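Have a look at protein_5.cif; it's mmCIF, C-alpha atoms; chains and numbers go by the auth columns:
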data_final
#
loop_
_atom_site.group_PDB
_atom_site.id
_atom_site.type_symbol
_atom_site.label_atom_id
_atom_site.label_comp_id
_atom_site.label_asym_id
_atom_site.label_seq_id
_atom_site.Cartn_x
_atom_site.Cartn_y
_atom_site.Cartn_z
_atom_site.B_iso_or_equiv
_atom_site.auth_seq_id
_atom_site.auth_asym_id
ATOM 1 C CA MET A 1 18.950 -70.945 22.966 0.00 1158 A
ATOM 2 C CA ASN A 2 17.435 -69.745 19.746 0.00 1159 A
ATOM 3 C CA TRP A 3 16.591 -66.241 18.564 0.00 1160 A
ATOM 4 C CA ALA A 4 13.119 -66.349 20.115 0.00 1161 A
ATOM 5 C CA ALA A 5 14.667 -66.998 23.545 0.00 1162 A
ATOM 6 C CA LEU A 6 16.885 -63.920 23.219 0.00 1163 A
ATOM 7 C CA SER A 7 13.950 -61.847 21.941 0.00 1164 A
ATOM 8 C CA THR A 8 11.911 -62.828 24.987 0.00 1165 A
ATOM 9 C CA ALA A 9 14.725 -62.377 27.521 0.00 1166 A
ATOM 10 C CA GLU A 10 16.247 -59.184 26.092 0.00 1167 A
ATOM 11 C CA PRO A 11 13.858 -57.620 23.547 0.00 1168 A
ATOM 12 C CA ASP A 12 15.715 -54.290 23.253 0.00 1169 A
ATOM 13 C CA LEU A 13 19.037 -55.932 22.420 0.00 1170 A
ATOM 14 C CA ALA A 14 17.393 -58.419 20.049 0.00 1171 A
ATOM 15 C CA ASN A 15 15.592 -55.602 18.232 0.00 1172 A
ATOM 16 C CA THR A 16 18.802 -53.576 17.868 0.00 1173 A
ATOM 17 C CA VAL A 17 20.687 -56.585 16.525 0.00 1174 A
ATOM 18 C CA GLU A 18 17.932 -57.411 14.022 0.00 1175 A
ATOM 19 C CA GLN A 19 17.905 -53.795 12.811 0.00 1176 A
ATOM 20 C CA ARG A 20 21.689 -53.825 12.313 0.00 1177 A
ATOM 21 C CA PHE A 21 21.529 -57.057 10.306 0.00 1178 A
ATOM 22 C CA GLY A 22 18.511 -55.756 8.396 0.00 1179 A
ATOM 23 C CA ALA A 23 20.338 -52.595 7.317 0.00 1180 A
ATOM 24 C CA PHE A 24 22.483 -54.528 4.811 0.00 1181 A
ATOM 25 C CA THR A 25 22.160 -57.765 2.858 0.00 1182 A
ATOM 26 C CA HIS A 26 25.657 -59.203 3.204 0.00 1183 A
ATOM 27 C CA HIS A 27 27.479 -59.946 6.462 0.00 1184 A
ATOM 28 C CA VAL A 28 30.591 -61.855 7.583 0.00 1185 A
ATOM 29 C CA LEU A 29 30.522 -65.432 8.867 0.00 1186 A
ATOM 30 C CA ALA A 30 33.551 -66.987 10.560 0.00 1187 A
ATOM 31 C CA THR A 31 33.871 -70.770 10.615 0.00 1188 A
ATOM 32 C CA LEU A 32 36.681 -73.194 11.416 0.00 1189 A
ATOM 33 C CA ARG A 33 38.656 -75.001 8.713 0.00 1190 A
ATOM 34 C CA LYS A 34 39.777 -78.639 9.046 0.00 1191 A
ATOM 35 C CA ASP A 35 43.085 -77.502 10.530 0.00 1192 A
ATOM 36 C CA GLY A 36 41.326 -75.269 13.077 0.00 1193 A
ATOM 37 C CA SER A 37 42.274 -71.985 11.441 0.00 1194 A
ATOM 38 C CA PRO A 38 39.517 -69.410 10.860 0.00 1195 A
ATOM 39 C CA ARG A 39 37.730 -68.889 7.576 0.00 1196 A
ATOM 40 C CA THR A 40 35.621 -65.788 6.883 0.00 1197 A
ATOM 41 C CA SER A 41 32.931 -65.741 4.227 0.00 1198 A
ATOM 42 C CA GLY A 42 30.178 -63.453 3.094 0.00 1199 A
ATOM 43 C CA ILE A 43 26.644 -64.549 3.969 0.00 1200 A
ATOM 44 C CA GLU A 44 23.020 -63.461 3.946 0.00 1201 A
ATOM 45 C CA VAL A 45 21.045 -64.193 7.123 0.00 1202 A
ATOM 46 C CA ARG A 46 17.331 -64.350 7.967 0.00 1203 A
ATOM 47 C CA PHE A 47 15.406 -63.830 11.182 0.00 1204 A
ATOM 48 C CA LEU A 48 12.280 -65.896 10.647 0.00 1205 A
ATOM 49 C CA ASP A 49 9.839 -67.719 12.931 0.00 1206 A
ATOM 50 C CA GLY A 50 11.907 -67.096 16.051 0.00 1207 A
ATOM 51 C CA GLU A 51 15.109 -68.428 14.512 0.00 1208 A
ATOM 52 C CA LEU A 52 18.273 -66.966 13.020 0.00 1209 A
ATOM 53 C CA TRP A 53 18.880 -68.888 9.788 0.00 1210 A
ATOM 54 C CA LEU A 54 22.056 -69.294 7.746 0.00 1211 A
ATOM 55 C CA GLY A 55 21.481 -70.396 4.166 0.00 1212 A
ATOM 56 C CA MET A 56 24.297 -71.247 1.779 0.00 1213 A
ATOM 57 C CA MET A 57 25.167 -72.808 -1.553 0.00 1214 A
ATOM 58 C CA PRO A 58 25.509 -76.585 -1.788 0.00 1215 A
ATOM 59 C CA ASP A 59 28.900 -77.885 -0.692 0.00 1216 A
ATOM 60 C CA SER A 60 30.266 -74.386 -0.072 0.00 1217 A
ATOM 61 C CA LEU A 61 33.347 -74.367 2.129 0.00 1218 A
ATOM 62 C CA LYS A 62 31.483 -72.598 4.930 0.00 1219 A
ATOM 63 C CA ALA A 63 28.755 -75.273 4.852 0.00 1220 A
ATOM 64 C CA LEU A 64 31.353 -78.044 4.954 0.00 1221 A
ATOM 65 C CA ASP A 65 33.098 -76.255 7.829 0.00 1222 A
ATOM 66 C CA LEU A 66 29.844 -76.064 9.813 0.00 1223 A
ATOM 67 C CA ARG A 67 29.038 -79.710 9.158 0.00 1224 A
ATOM 68 C CA ARG A 68 32.440 -80.643 10.577 0.00 1225 A
ATOM 69 C CA ASP A 69 32.475 -78.141 13.464 0.00 1226 A
ATOM 70 C CA PRO A 70 29.250 -76.234 14.158 0.00 1227 A
ATOM 71 C CA ARG A 71 30.854 -73.254 15.927 0.00 1228 A
ATOM 72 C CA PHE A 72 30.523 -69.909 14.194 0.00 1229 A
ATOM 73 C CA ALA A 73 30.807 -66.163 14.686 0.00 1230 A
ATOM 74 C CA LEU A 74 28.693 -63.744 12.677 0.00 1231 A
ATOM 75 C CA GLN A 75 29.321 -60.013 12.329 0.00 1232 A
ATOM 76 C CA ALA A 76 26.858 -57.517 10.888 0.00 1233 A
ATOM 77 C CA ASN A 77 28.042 -55.481 7.937 0.00 1234 A
ATOM 78 C CA PRO A 78 29.325 -52.209 9.423 0.00 1235 A
ATOM 79 C CA GLY A 79 28.226 -50.220 6.365 0.00 1236 A
ATOM 80 C CA ALA A 80 29.948 -47.343 4.657 0.00 1237 A
ATOM 81 C CA GLY A 81 32.200 -44.974 6.562 0.00 1238 A
ATOM 82 C CA THR A 82 32.661 -45.168 10.300 0.00 1239 A
ATOM 83 C CA GLY A 83 29.196 -44.217 11.544 0.00 1240 A
ATOM 84 C CA MET A 84 28.001 -47.767 12.264 0.00 1241 A
ATOM 85 C CA GLY A 85 24.505 -46.623 13.189 0.00 1242 A
ATOM 86 C CA GLY A 86 23.248 -48.911 15.942 0.00 1243 A
ATOM 87 C CA GLY A 87 26.740 -50.079 16.765 0.00 1244 A
ATOM 88 C CA ASP A 88 28.799 -53.125 15.911 0.00 1245 A
ATOM 89 C CA VAL A 89 26.939 -56.384 16.532 0.00 1246 A
ATOM 90 C CA ARG A 90 28.251 -59.937 16.651 0.00 1247 A
ATOM 91 C CA ILE A 91 26.623 -63.285 17.296 0.00 1248 A
ATOM 92 C CA SER A 92 28.391 -66.502 18.285 0.00 1249 A
ATOM 93 C CA GLY A 93 26.966 -69.961 18.547 0.00 1250 A
ATOM 94 C CA ARG A 94 26.514 -73.338 16.934 0.00 1251 A
ATOM 95 C CA ALA A 95 24.859 -74.059 13.601 0.00 1252 A
ATOM 96 C CA VAL A 96 22.604 -77.105 13.245 0.00 1253 A
ATOM 97 C CA GLU A 97 21.849 -78.233 9.699 0.00 1254 A
ATOM 98 C CA VAL A 98 18.192 -78.642 8.783 0.00 1255 A
ATOM 99 C CA GLY A 99 17.745 -81.433 6.247 0.00 1256 A
ATOM 100 C CA ASP A 100 15.443 -81.788 3.281 0.00 1257 A
ATOM 101 C CA GLY A 101 11.970 -82.997 4.160 0.00 1258 A
ATOM 102 C CA VAL A 102 11.973 -81.227 7.525 0.00 1259 A
ATOM 103 C CA PRO A 103 8.921 -78.943 7.909 0.00 1260 A
ATOM 104 C CA ALA A 104 11.086 -76.020 9.062 0.00 1261 A
ATOM 105 C CA LYS A 105 13.092 -76.161 5.827 0.00 1262 A
ATOM 106 C CA ALA A 106 9.926 -76.351 3.741 0.00 1263 A
ATOM 107 C CA ALA A 107 8.555 -73.274 5.556 0.00 1264 A
ATOM 108 C CA TYR A 108 11.856 -71.437 4.943 0.00 1265 A
ATOM 109 C CA VAL A 109 11.722 -72.298 1.221 0.00 1266 A
ATOM 110 C CA LYS A 110 8.122 -71.083 0.983 0.00 1267 A
ATOM 111 C CA GLU A 111 8.965 -67.750 2.678 0.00 1268 A
ATOM 112 C CA VAL A 112 12.408 -67.000 1.204 0.00 1269 A
ATOM 113 C CA GLU A 113 12.350 -68.821 -2.168 0.00 1270 A
ATOM 114 C CA PRO A 114 16.107 -69.490 -2.200 0.00 1271 A
ATOM 115 C CA PRO A 115 17.839 -71.040 -5.198 0.00 1272 A
ATOM 116 C CA GLU A 116 17.850 -74.799 -4.709 0.00 1273 A
ATOM 117 C CA PRO A 117 19.561 -76.971 -3.698 0.00 1274 A
ATOM 118 C CA PHE A 118 21.012 -75.254 -0.642 0.00 1275 A
ATOM 119 C CA HIS A 119 22.174 -75.872 2.914 0.00 1276 A
ATOM 120 C CA LEU A 120 20.118 -74.427 5.751 0.00 1277 A
ATOM 121 C CA PHE A 121 21.385 -74.068 9.300 0.00 1278 A
ATOM 122 C CA ARG A 122 19.413 -73.083 12.405 0.00 1279 A
ATOM 123 C CA THR A 123 21.503 -71.301 15.010 0.00 1280 A
ATOM 124 C CA GLU A 124 21.916 -71.963 18.712 0.00 1281 A
ATOM 125 C CA LEU A 125 23.210 -68.796 20.375 0.00 1282 A
ATOM 126 C CA THR A 126 26.089 -68.742 22.850 0.00 1283 A
ATOM 127 C CA GLU A 127 26.774 -64.987 22.868 0.00 1284 A
ATOM 128 C CA VAL A 128 25.441 -61.747 21.391 0.00 1285 A
ATOM 129 C CA THR A 129 27.554 -58.598 21.650 0.00 1286 A
ATOM 130 C CA ARG A 130 26.856 -54.987 20.744 0.00 1287 A
ATOM 131 C CA THR A 131 29.521 -52.284 20.867 0.00 1288 A
ATOM 132 C CA CYS A 132 28.658 -48.621 20.361 0.00 1289 A
ATOM 133 C CA VAL A 133 29.667 -45.098 21.303 0.00 1290 A
ATOM 134 C CA GLU A 134 27.352 -43.208 23.658 0.00 1291 A
ATOM 135 C CA ASP A 135 27.268 -39.397 23.908 0.00 1292 A
ATOM 136 C CA ASP A 136 30.588 -39.197 22.020 0.00 1293 A
ATOM 137 C CA THR A 137 32.162 -40.082 25.387 0.00 1294 A
ATOM 138 C CA TYR A 138 31.709 -43.727 26.275 0.00 1295 A
ATOM 139 C CA LEU A 139 32.483 -46.959 24.527 0.00 1296 A
ATOM 140 C CA VAL A 140 29.590 -49.188 25.554 0.00 1297 A
ATOM 141 C CA VAL A 141 29.785 -52.979 25.271 0.00 1298 A
ATOM 142 C CA GLN A 142 26.676 -55.068 25.880 0.00 1299 A
ATOM 143 C CA VAL A 143 27.142 -58.827 26.196 0.00 1300 A
ATOM 144 C CA TRP A 144 24.366 -61.402 26.466 0.00 1301 A
ATOM 145 C CA LYS A 145 24.884 -65.084 27.186 0.00 1302 A
ATOM 146 C CA PRO A 146 22.121 -67.653 27.664 0.00 1303 A
ATOM 147 C CA GLY A 147 20.789 -67.769 31.197 0.00 1304 A
ATOM 148 C CA ALA A 148 22.128 -64.371 32.199 0.00 1305 A
ATOM 149 C CA PRO A 149 20.939 -60.791 31.756 0.00 1306 A
ATOM 150 C CA VAL A 150 22.753 -58.391 29.451 0.00 1307 A
ATOM 151 C CA ARG A 151 26.001 -57.203 31.000 0.00 1308 A
ATOM 152 C CA THR A 152 26.904 -53.605 30.102 0.00 1309 A
ATOM 153 C CA LEU A 153 30.410 -52.178 30.314 0.00 1310 A
ATOM 154 C CA LYS A 154 31.198 -48.483 29.789 0.00 1311 A
ATOM 155 C CA ARG A 155 34.658 -47.106 29.137 0.00 1312 A
ATOM 156 C CA THR A 156 35.859 -43.570 28.553 0.00 1313 A
#
Reformat the file's structure so that it appears as structure tokens.
Amino acid sequence: MNWAALSTAEPDLANTVEQRFGAFTHHVLATLRKDGSPRTSGIEVRFLDGELWLGMMPDSLKALDLRRDPRFALQANPGAGTGMGGGDVRISGRAVEVGDGVPAKAAYVKEVEPPEPFHLFRTELTEVTRTCVEDDTYLVVQVWKPGAPVRTLKRT
């Protein structure tokens, strides 16, 4: 499941998530080290042509982690203070590297103009979660997984 699939299945959630990621440039990516322990790194992300893209410097530790084990978790920058307009959003999935010479990478380079060389990963989504406060009363958690509608939990 790519970003376009989520946008088609759950456009409101997809739009909210894109807005949260668009509010800031830098976000937090979690990958798995060789020994299985977590590594967190800063990252810039792009929503482009129905995909969520992760671009990174050549041979960065996060790129090497994803080459070894494609599982990741991505959290939008919460911003200053505690307001978190739009809520806290997280995306989990697998990252698939897109090699040089692939048309999708050439299109990305044309649109984004990243410093080269670089690693580019296309994401396959396994879960998207949004947590927010509603009416200063409820903690609302929305969870989407491929093949299922958004599940919403409210707690007081």
Expected selection from the PyMOL selection byres ((chain A and resi 1194-1205) around 8), given as a list of chain:residue names
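With the shown file as input, the PyMOL selection byres ((chain A and resi 1194-1205) around 8) matches A:Trp1160, A:Glu1175, A:Phe1178, A:Thr1182, A:His1183, A:His1184, A:Val1185, A:Leu1186, A:Ala1187, A:Thr1188, A:Leu1189, A:Arg1190, A:Lys1191, A:Asp1192, A:Gly1193, A:Asp1206, A:Gly1207, A:Glu1208, A:Leu1209, A:Trp1210, A:Leu1211, A:Gly1212, A:Met1213, A:Lys1219, A:Tyr1265.
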Within 12 Å of Trp1301 (chain A), counting all atoms listed in the file, which residues qualify if same-chain residues fewer than 4 places away don't, as a PyMOL selection string?
chain A and resi 1158+1162-1164+1166-1171+1174+1246-1250+1282-1288+1305-1310
Calculated over only C-alpha atoms, which of the candidates A:Val1297, A:Gly1243, A:Leu1277, A:Glu1270 has the smallest distance to Gly1258 (chain A)?
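The shortest atom-to-atom distance to Gly1258 (chain A) comes from A:Leu1277.
Interatomic distance, CA of Phe1278 (chain A) to CA of Ala1252 (chain A): 5.5 Å.
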When you count only C-alpha atoms, which of these residues is closest to Glu1254 (chain A): A:Val1298, A:Gly1236, A:Glu1281, A:Val1266?
A:Glu1281
Report, in Å with one decimal, the straight-line distance from CA of Arg1279 (chain A) to CA of Asn1159 (chain A).
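Interatomic distance here is 8.3 Å.
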Would you place a box with edges along x, y and z of the file around all atoms of region 1161-1178 of chain A listed there, add 3 Å to each of its six sides, and report the centre and edge lengths in Å to one decimal, as JSON?
{"center_x": 16.8, "center_y": -60.3, "center_z": 18.9, "size_x": 15.8, "size_y": 19.4, "size_z": 23.2}
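For the set A:Ala1230, A:Ala1237, A:Lys1262, A:Thr1173, the residue with the smallest atom-to-atom gap to Gln1299 (chain A) is A:Thr1173, counting all atoms listed in the file.
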Would you work out the distance separating CA of Thr1280 (chain A) from CA of Lys1302 (chain A), expressed in Å to one decimal?
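So the answer is 14.1 Å.
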Name the residues in contact with Phe1181 (chain A) at a cut-off of 10 Å, using all atoms listed in the file, excluding same-chain residues fewer than 4 positions from it; report them as a PyMOL selection string.
chain A and resi 1176-1177+1201+1233-1236
Could you check which of A:Pro1260, A:Gly1244, A:Pro1303, A:Pro1215 is closest to Ala1180 (chain A), using only C-alpha atoms?
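Answer, going by the shortest atom-to-atom distance: A:Gly1244.
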Write out as a list in words each polymer residue whose atoms come within 7 Å of region 1290-1296 of chain A, counting all atoms listed in the file; drop sequence neighbours fewer than 2 positions from it.
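My reading of the contact set: Val1298, Lys1311, Arg1312 and Thr1313 of chain A.
In terms of minimum interatomic distance to Phe1275 (chain A), A:Gly1256 ranks closest within A:Gly1256, A:Gly1242, A:Gly1304, A:Pro1227, counting all atoms listed in the file.
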Can you take the partial region 1186-1210 of chain A, add N, CA, C and O atoms, and return it as a PDB file, in the frame of the given file?
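Now in part00.pdb:
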ATOM      1  N   LEU A1186      30.605 -64.214   8.067  1.00  0.00           N
ATOM      2  CA  LEU A1186      30.522 -65.432   8.867  1.00  0.00           C
ATOM      3  C   LEU A1186      31.924 -65.990   9.047  1.00  0.00           C
ATOM      4  O   LEU A1186      32.671 -66.129   8.076  1.00  0.00           O
ATOM      5  N   ALA A1187      32.275 -66.325  10.276  1.00  0.00           N
ATOM      6  CA  ALA A1187      33.551 -66.987  10.560  1.00  0.00           C
ATOM      7  C   ALA A1187      33.263 -68.429  10.958  1.00  0.00           C
ATOM      8  O   ALA A1187      32.392 -68.690  11.797  1.00  0.00           O
ATOM      9  N   THR A1188      33.968 -69.348  10.314  1.00  0.00           N
ATOM     10  CA  THR A1188      33.871 -70.770  10.615  1.00  0.00           C
ATOM     11  C   THR A1188      35.278 -71.292  10.862  1.00  0.00           C
ATOM     12  O   THR A1188      36.254 -70.542  10.745  1.00  0.00           O
ATOM     13  N   LEU A1189      35.378 -72.585  11.174  1.00  0.00           N
ATOM     14  CA  LEU A1189      36.681 -73.194  11.416  1.00  0.00           C
ATOM     15  C   LEU A1189      36.999 -74.205  10.323  1.00  0.00           C
ATOM     16  O   LEU A1189      36.201 -75.103  10.038  1.00  0.00           O
ATOM     17  N   ARG A1190      38.190 -74.065   9.732  1.00  0.00           N
ATOM     18  CA  ARG A1190      38.656 -75.001   8.713  1.00  0.00           C
ATOM     19  C   ARG A1190      39.039 -76.332   9.371  1.00  0.00           C
ATOM     20  O   ARG A1190      39.115 -76.424  10.592  1.00  0.00           O
ATOM     21  N   LYS A1191      39.348 -77.327   8.537  1.00  0.00           N
ATOM     22  CA  LYS A1191      39.777 -78.639   9.046  1.00  0.00           C
ATOM     23  C   LYS A1191      40.945 -78.532  10.005  1.00  0.00           C
ATOM     24  O   LYS A1191      41.018 -79.240  11.001  1.00  0.00           O
ATOM     25  N   ASP A1192      41.883 -77.624   9.695  1.00  0.00           N
ATOM     26  CA  ASP A1192      43.085 -77.502  10.530  1.00  0.00           C
ATOM     27  C   ASP A1192      42.866 -76.598  11.746  1.00  0.00           C
ATOM     28  O   ASP A1192      43.790 -76.342  12.508  1.00  0.00           O
ATOM     29  N   GLY A1193      41.641 -76.105  11.922  1.00  0.00           N
ATOM     30  CA  GLY A1193      41.326 -75.269  13.077  1.00  0.00           C
ATOM     31  C   GLY A1193      41.529 -73.783  12.857  1.00  0.00           C
ATOM     32  O   GLY A1193      41.178 -72.980  13.717  1.00  0.00           O
ATOM     33  N   SER A1194      42.081 -73.408  11.717  1.00  0.00           N
ATOM     34  CA  SER A1194      42.274 -71.985  11.441  1.00  0.00           C
ATOM     35  C   SER A1194      40.936 -71.363  11.013  1.00  0.00           C
ATOM     36  O   SER A1194      40.038 -72.058  10.541  1.00  0.00           O
ATOM     37  N   PRO A1195      40.790 -70.048  11.189  1.00  0.00           N
ATOM     38  CA  PRO A1195      39.517 -69.410  10.860  1.00  0.00           C
ATOM     39  C   PRO A1195      39.341 -69.205   9.358  1.00  0.00           C
ATOM     40  O   PRO A1195      40.310 -69.060   8.620  1.00  0.00           O
ATOM     41  N   ARG A1196      38.086 -69.235   8.948  1.00  0.00           N
ATOM     42  CA  ARG A1196      37.730 -68.889   7.576  1.00  0.00           C
ATOM     43  C   ARG A1196      36.609 -67.851   7.673  1.00  0.00           C
ATOM     44  O   ARG A1196      35.661 -68.033   8.437  1.00  0.00           O
ATOM     45  N   THR A1197      36.709 -66.755   6.929  1.00  0.00           N
ATOM     46  CA  THR A1197      35.621 -65.788   6.883  1.00  0.00           C
ATOM     47  C   THR A1197      35.001 -65.822   5.492  1.00  0.00           C
ATOM     48  O   THR A1197      35.703 -65.974   4.490  1.00  0.00           O
ATOM     49  N   SER A1198      33.684 -65.682   5.480  1.00  0.00           N
ATOM     50  CA  SER A1198      32.931 -65.741   4.227  1.00  0.00           C
ATOM     51  C   SER A1198      31.776 -64.755   4.297  1.00  0.00           C
ATOM     52  O   SER A1198      31.241 -64.495   5.371  1.00  0.00           O
ATOM     53  N   GLY A1199      31.368 -64.271   3.147  1.00  0.00           N
ATOM     54  CA  GLY A1199      30.178 -63.453   3.094  1.00  0.00           C
ATOM     55  C   GLY A1199      28.939 -64.334   3.220  1.00  0.00           C
ATOM     56  O   GLY A1199      28.955 -65.501   2.816  1.00  0.00           O
ATOM     57  N   ILE A1200      27.871 -63.777   3.802  1.00  0.00           N
ATOM     58  CA  ILE A1200      26.644 -64.549   3.969  1.00  0.00           C
ATOM     59  C   ILE A1200      25.448 -63.619   4.110  1.00  0.00           C
ATOM     60  O   ILE A1200      25.582 -62.491   4.585  1.00  0.00           O
ATOM     61  N   GLU A1201      24.301 -64.108   3.684  1.00  0.00           N
ATOM     62  CA  GLU A1201      23.020 -63.461   3.946  1.00  0.00           C
ATOM     63  C   GLU A1201      22.352 -64.231   5.069  1.00  0.00           C
ATOM     64  O   GLU A1201      22.454 -65.460   5.118  1.00  0.00           O
ATOM     65  N   VAL A1202      21.701 -63.533   5.987  1.00  0.00           N
ATOM     66  CA  VAL A1202      21.045 -64.193   7.123  1.00  0.00           C
ATOM     67  C   VAL A1202      19.565 -63.812   7.142  1.00  0.00           C
ATOM     68  O   VAL A1202      19.171 -62.808   6.558  1.00  0.00           O
ATOM     69  N   ARG A1203      18.769 -64.626   7.830  1.00  0.00           N
ATOM     70  CA  ARG A1203      17.331 -64.350   7.967  1.00  0.00           C
ATOM     71  C   ARG A1203      16.902 -64.567   9.412  1.00  0.00           C
ATOM     72  O   ARG A1203      17.291 -65.560  10.033  1.00  0.00           O
ATOM     73  N   PHE A1204      16.098 -63.654   9.904  1.00  0.00           N
ATOM     74  CA  PHE A1204      15.406 -63.830  11.182  1.00  0.00           C
ATOM     75  C   PHE A1204      13.977 -64.190  10.808  1.00  0.00           C
ATOM     76  O   PHE A1204      13.262 -63.370  10.229  1.00  0.00           O
ATOM     77  N   LEU A1205      13.574 -65.419  11.104  1.00  0.00           N
ATOM     78  CA  LEU A1205      12.280 -65.896  10.647  1.00  0.00           C
ATOM     79  C   LEU A1205      11.744 -66.940  11.618  1.00  0.00           C
ATOM     80  O   LEU A1205      12.470 -67.870  11.989  1.00  0.00           O
ATOM     81  N   ASP A1206      10.506 -66.766  12.038  1.00  0.00           N
ATOM     82  CA  ASP A1206       9.839 -67.719  12.931  1.00  0.00           C
ATOM     83  C   ASP A1206      10.631 -68.002  14.204  1.00  0.00           C
ATOM     84  O   ASP A1206      10.734 -69.145  14.645  1.00  0.00           O
ATOM     85  N   GLY A1207      11.195 -66.944  14.793  1.00  0.00           N
ATOM     86  CA  GLY A1207      11.907 -67.096  16.051  1.00  0.00           C
ATOM     87  C   GLY A1207      13.284 -67.720  15.947  1.00  0.00           C
ATOM     88  O   GLY A1207      13.879 -68.109  16.951  1.00  0.00           O
ATOM     89  N   GLU A1208      13.788 -67.826  14.736  1.00  0.00           N
ATOM     90  CA  GLU A1208      15.109 -68.428  14.512  1.00  0.00           C
ATOM     91  C   GLU A1208      15.985 -67.474  13.706  1.00  0.00           C
ATOM     92  O   GLU A1208      15.482 -66.653  12.940  1.00  0.00           O
ATOM     93  N   LEU A1209      17.286 -67.614  13.883  1.00  0.00           N
ATOM     94  CA  LEU A1209      18.273 -66.966  13.020  1.00  0.00           C
ATOM     95  C   LEU A1209      18.781 -68.061  12.090  1.00  0.00           C
ATOM     96  O   LEU A1209      19.336 -69.062  12.546  1.00  0.00           O
ATOM     97  N   TRP A1210      18.550 -67.877  10.792  1.00  0.00           N
ATOM     98  CA  TRP A1210      18.880 -68.888   9.788  1.00  0.00           C
ATOM     99  C   TRP A1210      20.100 -68.474   8.969  1.00  0.00           C
ATOM    100  O   TRP A1210      20.242 -67.314   8.595  1.00  0.00           O
TER     101      TRP A1210
END
